[in-house]
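**Q** Following this message is one structure expressed as structure tokens.
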Amino acid sequence: MCLPCILGENYMKAYEIISGDKSKKIYQVAIDNEIDRTKLLALVRWHRVHDASANNCKSALAHATTPAKGEKKKLLYTKEILQYAVKYANDNSCGCRAAARATEIKFKLSLNSLPHSTVNEHIKSHQLLFSRAGAHRKLSPFEEELAAQMLIQQQATAPMTKREAADALIALLCRRDRPNPFENCIGKVPSEGFWRGFLQRHPEIQLQKTKHKQ
């Protein structure tokens, strides 16, 4: 299953907004539509890759010569064929090359008519979306995006420590009548594990280890 099919209608509507208005920022569209920014970013990149791939295919077809007499026309892969390759790789725990070759045999395609790189990209997209690595997130995607934007704005004014960021985060949740999700953590503040994952997802946020001296 391709990425747009997996993410669903809300993400497709958000992508249409971005593609229709180049001035729209991905994070702002994600906040407005209450969806996960990282998944929306992945969808935008997915479309860019496939648009480029489609343009390359059109260019190649435009310069293709007429098949020789008696030569069979080379078949192009379809969405269903690509989905079969991804499913084959997952079901048989094999790599993109083996999956592509098995799919070509299944659908009687010529050798290398299904690009290994395309199969590999879809396999990775499928695995990333359905992986469950790491602890359960304390914040919803919408809350995390709000928190990230708040911290970005505040650090633009002055550097922040993790403690200051934690206080600001909890205050934000309280203003939204949200019970403290870190109630069971030491000190009732976000743990190191939370910050590790949060900062990996939002590398634009840089927290100080100690209080910044004026």
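Residue numbers start at 1 in each chain; chains themselves are named A, B, ... in the order of the structure tokens; ligands are numbered from 1 in the order shown.
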Neighbouring residues of Phe182 of chain A were defined as those with any atom within 9 Å, considering only C-alpha atoms; residues of the same chain fewer than 5 positions away were excluded. Please report them as a PyMOL selection string.
**A** chain A and resi 138+170+187-191
**Q** Name all residues at most 12 Å from Leu173 of chain A (count only C-alpha atoms; drop same-chain ones fewer than 6 positions away) and give them as a list in words.
**A**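 What passes the distance filter is Lys138, Leu139, Ser140, Phe142, Glu143, Glu144, Leu146, Ala147, Met150, Ala166, Asp167, Pro179, Asn180, Pro181 and Phe182 of chain A.
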**Q** Restricting the calculation to only C-alpha atoms: of A:Glu121, A:Glu80, A:Asp21, A:Glu9, which residue gets closest to Ala42 of chain A?
**A**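 Looking only at the distances to Ala42 of chain A, the closest residue turns out to be A:Glu121.
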**Q** Could you please write out, as an NGL selection string, every residue of segment 5-214 of chain A that DSSP assigns to alpha helix (DSSP H)?
**A** :A and (5-7 or 9-20 or 26-33 or 37-62 or 79-92 or 96-106 or 116-130 or 141-157 or 162-175 or 192-201)
**Q** Which one is closest to Ala99 of chain A: A:Pro115, A:Ala85, A:Asn10, A:Lys25? Count only C-alpha atoms.
**A**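 So, comparing all the options, the nearest one is A:Ala85.
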